[in-house]
$ cat start_17.pdb   # PDB, C-alpha atoms
MODEL        1
ATOM      1  CA  MET A1298       0.000   0.000   0.000
ATOM      2  CA  PRO A1299       1.420   3.419  -0.920
ATOM      3  CA  LYS A1300       2.332   5.783   1.876
ATOM      4  CA  SER A1301       0.390   9.053   2.034
ATOM      5  CA  LYS A1302       2.202  12.305   1.617
ATOM      6  CA  VAL A1303       3.122  14.119   4.809
ATOM      7  CA  ARG A1304       1.961  17.702   4.740
ATOM      8  CA  LYS A1305       3.810  20.392   6.533
ATOM      9  CA  LYS A1306       1.569  22.313   8.859
ATOM     10  CA  THR A1307       2.256  25.981   9.189
ATOM     11  CA  ASP A1308       2.768  27.313  12.665
ATOM     12  CA  TYR A1309      -0.056  29.542  13.700
ATOM     13  CA  THR A1310       1.652  31.701  16.234
ATOM     14  CA  ILE A1311      -0.220  34.541  17.728
ATOM     15  CA  ASN A1312       1.642  37.792  17.534
ATOM     16  CA  PRO A1313       2.253  38.967  21.080
ATOM     17  CA  THR A1314       0.568  42.236  21.820
ATOM     18  CA  SER A1315       2.322  45.103  23.436
ATOM     19  CA  ARG A1316       2.663  44.440  27.152
ATOM     20  CA  THR A1317       3.750  47.893  28.184
ATOM     21  CA  PRO A1318       2.181  48.935  31.468
ATOM     22  CA  VAL A1319      -0.391  51.702  31.404
ATOM     23  CA  LYS A1320      -0.121  54.412  34.011
ATOM     24  CA  VAL A1321      -3.317  55.256  35.841
ATOM     25  CA  LYS A1322      -3.920  58.955  36.298
ATOM     26  CA  GLY A1323      -3.758  59.922  39.919
ATOM     27  CA  GLY A1324      -3.604  57.645  42.875
ATOM     28  CA  PRO A1325      -6.202  56.238  45.188
ATOM     29  CA  SER A1326      -9.237  58.306  46.045
ATOM     30  CA  PRO A1327      -9.043  60.473  49.141
ATOM     31  CA  VAL A1328     -10.948  59.435  52.240
ATOM     32  CA  TRP A1329     -13.362  62.353  51.977
ATOM     33  CA  TYR A1330     -14.467  61.200  48.497
ATOM     34  CA  VAL A1331     -15.425  57.772  49.791
ATOM     35  CA  ALA A1332     -17.210  59.327  52.765
ATOM     36  CA  ILE A1333     -19.275  61.623  50.526
ATOM     37  CA  MET A1334     -20.042  58.769  48.128
ATOM     38  CA  LEU A1335     -21.303  56.508  50.898
ATOM     39  CA  GLY A1336     -23.050  59.481  52.492
ATOM     40  CA  PHE A1337     -25.140  60.074  49.372
ATOM     41  CA  MET A1338     -26.148  56.420  49.191
ATOM     42  CA  LEU A1339     -27.054  56.263  52.872
ATOM     43  CA  ALA A1340     -28.879  59.598  52.736
ATOM     44  CA  GLY A1341     -31.049  58.305  49.887
ATOM     45  CA  LEU A1342     -31.800  55.136  51.806
ATOM     46  CA  ALA A1343     -32.581  57.108  54.957
ATOM     47  CA  TRP A1344     -34.869  59.456  52.997
ATOM     48  CA  LEU A1345     -36.912  56.526  51.687
ATOM     49  CA  LEU A1346     -37.056  54.846  55.102
ATOM     50  CA  VAL A1347     -38.237  58.036  56.794
ATOM     51  CA  TYR A1348     -40.830  58.532  54.064
ATOM     52  CA  TYR A1349     -42.210  55.027  54.463
ATOM     53  CA  LEU A1350     -42.198  55.021  58.244
ATOM     54  CA  GLY A1351     -43.010  58.594  59.164
ATOM     55  CA  ALA A1352     -44.700  60.355  56.260
ATOM     56  CA  ASP A1353     -47.962  60.539  58.225
ATOM     57  CA  HIS A1354     -46.273  62.522  60.988
ATOM     58  CA  ILE A1355     -44.097  64.786  58.809
ATOM     59  CA  ARG A1356     -46.423  67.151  56.999
ATOM     60  CA  TRP A1357     -44.001  68.584  54.444
ATOM     61  CA  MET A1358     -42.793  65.113  53.488
ATOM     62  CA  SER A1359     -46.322  63.819  52.944
ATOM     63  CA  ASP A1360     -47.021  66.863  50.748
ATOM     64  CA  LEU A1361     -44.214  65.811  48.394
ATOM     65  CA  ASN A1362     -45.977  62.490  47.652
ATOM     66  CA  ALA A1363     -44.191  60.653  44.813
ATOM     67  CA  TRP A1364     -41.381  63.217  44.653
ATOM     68  CA  ASN A1365     -39.951  61.490  47.708
ATOM     69  CA  PHE A1366     -39.034  58.537  45.519
ATOM     70  CA  LEU A1367     -37.216  60.804  43.068
ATOM     71  CA  ILE A1368     -35.311  62.481  45.882
ATOM     72  CA  GLY A1369     -34.365  59.214  47.609
ATOM     73  CA  PHE A1370     -33.379  57.316  44.493
ATOM     74  CA  GLY A1371     -31.698  60.420  43.069
ATOM     75  CA  LEU A1372     -29.401  60.630  46.086
ATOM     76  CA  MET A1373     -28.548  56.954  45.751
ATOM     77  CA  VAL A1374     -27.855  57.298  42.015
ATOM     78  CA  ILE A1375     -25.482  60.202  42.690
ATOM     79  CA  GLY A1376     -23.581  57.936  45.078
ATOM     80  CA  LEU A1377     -23.512  55.123  42.531
ATOM     81  CA  ILE A1378     -22.237  57.445  39.803
ATOM     82  CA  MET A1379     -19.479  58.534  42.167
ATOM     83  CA  THR A1380     -18.353  54.899  42.466
ATOM     84  CA  MET A1381     -17.195  55.040  38.831
ATOM     85  CA  ARG A1382     -14.485  57.541  39.761
ATOM     86  CA  TRP A1383     -13.475  55.729  42.961
ATOM     87  CA  ARG A1384     -10.028  54.105  42.968
TER      88      ARG A1384
ENDMDL
END
$ encode --input "start_17.pdb" --output "structure tokens"
Amino acid sequence: MPKSKVRKKTDYTINPTSRTPVKVKGGPSPVWYVAIMLGFMLAGLAWLLVYYLGADHIRWMSDLNAWNFLIGFGLMVIGLIMTMRWR
């Protein structure tokens, strides 16, 4: 029986990409930034809790009605947006 031809396979080498380190602008976030960020998130949570638990007793808060949700969630969203800049 005749022997089959041996084919040379080409090497498929992946070209190595540039591995130069990238410098990050600035260093870690200051402590006050983290405190403000967490403060916004906790203030939004506290606003919603106070609205749910004590809106009947706080006249100006009950007058806001559904705007309380916008205020509470808005404060939390500000804190969450700040997390994108946190290092």
$ residues_around --input "start_17.pdb" --residues "A:Tyr1330" --least-positions-apart "5" --cutoff "12 Å" --atoms "all atoms listed in the file" --output "NGL selection string"
:A and (1325 or 1335-1337 or 1376 or 1379-1384)
$ atom_distance --input "start_17.pdb" --atom1 "atom CA of A:Val1347" --atom2 "atom CA of A:Val1328"
27.7 Å
$ atom_distance --input "start_17.pdb" --atom1 "atom CA of A:Leu1339" --atom2 "atom CA of A:Gly1324"
25.5 Å
$ axis_aligned_box --input "start_17.pdb" --around "stretch 1365-1371 of chain A" --padding-each-side "6 Å" --output "JSON"
{"center_x": -35.8, "center_y": 59.9, "center_z": 45.4, "size_x": 20.3, "size_y": 17.2, "size_z": 16.6}
$ closest_residue --input "start_17.pdb" --among "A:Trp1329, A:Met1298, A:Val1319, A:Leu1342" --to "A:Val1374" --atoms "only C-alpha atoms"
A:Leu1342
$ closest_residue --input "start_17.pdb" --among "A:Leu1345, A:Gly1351, A:Leu1377, A:Lys1320" --to "A:Ala1363" --atoms "all atoms listed in the file"
A:Leu1345
$ atom_distance --input "start_17.pdb" --atom1 "atom CA of A:Leu1350" --atom2 "atom CA of A:Met1334"
24.6 Å
$ closest_residue --input "start_17.pdb" --among "A:Val1303, A:Ala1340, A:Ala1352, A:Ala1332" --to "A:Gly1371" --atoms "all atoms listed in the file"
A:Ala1340
$ closest_residue --input "start_17.pdb" --among "A:Ile1333, A:Lys1322, A:Tyr1349, A:Trp1344" --to "A:Ile1368" --atoms "only C-alpha atoms"
A:Trp1344
